[in-house]
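Enquirer: Submitted below is the structure of interest, expressed as structure tokens.
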2 protein chains.
Amino acid sequence: MVTQERAARTRRSLIRAAAEVFAEVGFVPASLGVISKRAGVSNGALHFHFANKNSLAEAVEAEAAETVRRVTEAVRARQGDPLQSVVDATHELMGYLAQDVVVRGGFGLAGDIGRRAESPLRREWQRWVEESLRRAERSGVLARDVSWADAARVIVAATVGLEVLGGADASWLSRQNVTRFWELLLPRLADRPRVSALVSSGSAQLSAPPGRHPV
Amino acid sequence: MVTQERAARTRRSLIRAAAEVFAEVGFVPASLGVISKRAGVSNGALHFHFANKNSLAEAVEAEAAETVRRVTEAVRARQGDPLQSVVDATHELMGYLAQDVVVRGGFGLAGDIGRRAESPLRREWQRWVEESLRRAERSGVLARDVSWADAARVIVAATVGLEVLGGADASWLSRQNVTRFWELLLPRLADRPRVSALVSSGSAQLSAPPGRHPV
């Protein structure tokens, strides 16, 4: 049992160290030696857990995808206004991108041309946004002259832009910046009588990622 | 004279080949041997023009920046509605990203973590959008409850997102997609009486990049 726990801890350290190194130098120049040293484990221990650099990258992406899924499922479970769900999920996702190196590393790999692999992350985010906007349209929350597809496209493009710009300048990911984005967009997207009930800064139940500081 | 012309042509071929290879594999794995072969010149000719891979990348970025500057200056010279200028420039920029390998390669380098250099491209685009939105606010074209800074932030985030998503799926860069983006956004950004005068698909004088096909 103790050995299993230690193995799980080593695996987590390796994923975290790999995410850091991928985020710092990119996939191709990232060295397994640097990653194992950063994780405080031997090369042998790294190879016990991961066959090669690609399987490490897949583990980073899988853990980041798991976080995104947890965020979107928790937001959706509240069963509130689907537009408010998208607002809340955007705040949480940007918070993780600012604070969680595995989420940042996972999205970084999605945009890393040297990785040469389809990343599930952006596609899953896009699918969730589209599904939420479809629900918003069906439930009459969306403004009548706005289609769910157009609304989803703008939201996906803007959130990918915030993610990418946030890599160089974290202020793009701040709660204030995301709030302003929604203050601008919601009056256009929401059916008029509903706008005042929507909270651009995120609804109160919004949970902060562990260790997240106000940004 | 003939020699100078030939040298200029070789330089252009090398910049184009480098942009292609950077866009295909990223900065770090790009090989000078592959670039000179792709350009149809010797390694010696490459080194006559460029000291190293970094100076090639700088030349790609400089040529892409020059194209962006030409687009924004031409659009601005029309002295029309500053919001229409931003719409037109966005259409032209996305057209170049879809069709011009040097512009695509230049923006790709801006997002390439292995490059480890400040790229002027996104920053210059952001500065131009901000300046145009400031003019829109001053001239009363912007909706009264929208600040130029918030409008610029949304436009910059969304256009960076389109650029990045367009690298994997060119439909994000299509005129139709960019038009829908503006159809959604303009009714929120523009002062109400002005909206009907604005053309989401770009004003008629819009020039297509050389060899551009309808997308």
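Going through the structure tokens in order, the chains are called A, B, and so on, while each chain numbers its residues from 1 and the ligands are numbered from 1 in the order shown.
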If you count only C-alpha atoms, which residues fall within 10 Å of Ala98 of chain B, apart from same-chain ones fewer than 2 positions away, as a PyMOL selection string?

Expert: chain B and resi 92-96+100-101+103-104+163+166-167+169-174+209+212-213+215

Enquirer: Neighbours of Arg123 of chain B within 10 Å (only C-alpha atoms; same-chain residues fewer than 6 positions away dropped), as number ranges by chain?

Expert: B: 110, 129, 156

Enquirer: Would you export the selected residues with N, CA, C and O atoms as an mmCIF file, in the first residue's frame, please?

Expert:
```
data_model
loop_
_atom_site.group_PDB
_atom_site.id
_atom_site.type_symbol
_atom_site.label_atom_id
_atom_site.label_comp_id
_atom_site.auth_asym_id
_atom_site.auth_seq_id
_atom_site.Cartn_x
_atom_site.Cartn_y
_atom_site.Cartn_z
ATOM 1 N N ALA B 110 5.172 33.902 -33.293
ATOM 2 C CA ALA B 110 4.752 34.665 -32.112
ATOM 3 C C ALA B 110 4.199 33.738 -31.037
ATOM 4 O O ALA B 110 4.317 34.000 -29.843
ATOM 5 N N VAL B 129 -5.578 48.112 -33.152
ATOM 6 C CA VAL B 129 -6.988 47.950 -32.786
ATOM 7 C C VAL B 129 -7.336 48.957 -31.687
ATOM 8 O O VAL B 129 -8.375 49.637 -31.759
ATOM 9 N N VAL B 156 -9.239 41.944 -29.846
ATOM 10 C CA VAL B 156 -7.887 41.371 -29.894
ATOM 11 C C VAL B 156 -7.917 39.898 -29.475
ATOM 12 O O VAL B 156 -7.343 39.036 -30.155
#
```

Enquirer: If the cut-off is 7 Å, can you tell me the residues of chain A near chain B, counting only C-alpha atoms? I'd like them as a VMD selection string.

Expert: chain A and resid 25 to 26 112 to 114 150 154 157 to 158 160 to 162 180 to 181 188

Enquirer: Considering only C-alpha atoms, return as a list in words whatever protein or nucleic-acid residues lie within 12 Å of Ser139 of chain B, sequence-local ones (same chain, fewer than 3 positions apart) excluded.

Expert: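 What passes the distance filter is Gly80, Asp81, Pro82, Leu83, Ser132, Leu133, Arg134, Arg135, Ala136, Leu142, Ala143, Arg144, Trp148, Ala190, Asp191 and Arg194 of chain B.
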
Enquirer: Can you tell me which residues surround Leu14 of chain A at a distance of at most 8 Å, considering only C-alpha atoms, apart from same-chain residues fewer than 5 positions away, and format the answer as a VMD selection string?

Expert: chain A and resid 35 to 36 39 46

Enquirer: Emit the selected residues as a compact mmCIF listing (two decimals), in the first residue's frame, including all heavy atoms.

Expert:
```
# COMPACT_ATOMS: atom_id res chain seq x y z
N ILE A 35 13.25 16.92 -16.70
CA ILE A 35 11.95 16.64 -16.08
C ILE A 35 12.12 15.75 -14.85
O ILE A 35 11.56 16.05 -13.78
CB ILE A 35 10.98 15.99 -17.11
CG1 ILE A 35 10.60 17.02 -18.18
CG2 ILE A 35 9.72 15.46 -16.42
CD1 ILE A 35 9.83 16.45 -19.37
N SER A 36 12.92 14.67 -14.96
CA SER A 36 13.07 13.78 -13.80
C SER A 36 13.79 14.53 -12.67
O SER A 36 13.43 14.39 -11.50
CB SER A 36 13.80 12.48 -14.17
OG SER A 36 15.06 12.76 -14.73
N ALA A 39 11.39 16.74 -10.95
CA ALA A 39 10.46 15.96 -10.12
C ALA A 39 11.16 15.34 -8.92
O ALA A 39 10.50 14.79 -8.03
CB ALA A 39 9.80 14.88 -10.97
N LEU A 46 11.38 7.60 -13.85
CA LEU A 46 10.59 8.20 -14.93
C LEU A 46 10.19 7.13 -15.94
O LEU A 46 9.03 7.01 -16.31
CB LEU A 46 11.37 9.33 -15.60
CG LEU A 46 10.61 10.15 -16.67
CD1 LEU A 46 11.17 11.58 -16.74
CD2 LEU A 46 10.64 9.53 -18.05
```

Enquirer: List as a list of chain:residue names the protein and nucleic acid residues near Ala59 of chain B, meaning an atom at most 10 Å away when only C-alpha atoms are counted, but skip any in the same chain fewer than 2 places from it.

Expert: B:Arg11, B:Arg12, B:Leu14, B:Ile15, B:Arg16, B:Ala18, B:Ala19, B:Phe50, B:Lys53, B:Asn54, B:Ser55, B:Leu56, B:Ala57, B:Glu61, B:Ala62, B:Glu63, B:Ala64, B:Ala65, B:Val102, B:Gly106

Enquirer: Residues of segment 34-201 of chain A in alpha helix (DSSP H) according to DSSP, as a count of residues only?

Expert: 121

Enquirer: Find the spatial neighbours of Ala74 of chain A, counting only C-alpha atoms, within a cut-off of 12 Å - ignore same-chain residues fewer than 4 positions away - and output them as a ChimeraX atom specification.

Expert: /A:67-70,78-80,85-86,88-89,92,205-207

Enquirer: For atom CA of Trp128 of chain B and atom CA of Gln176 of chain B, determine how far apart the two atoms are, in Å to one decimal place.

Expert: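 These two atoms are separated by 23.3 Å.
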
Enquirer: Atom CA of Ser200 of chain B and atom CA of Ala152 of chain B, how far apart in Å?

Expert: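 One can read the atom CA of Ala152 of chain B to atom CA of Ser200 of chain B distance as 16.8 Å.
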
Enquirer: Using only C-alpha atoms, which of the listed residues (B:Thr10, B:Glu20, B:Thr72, B:Ala45) sits closest to Gln84 of chain B?

Expert: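 Nearest to Gln84 of chain B: B:Thr72.
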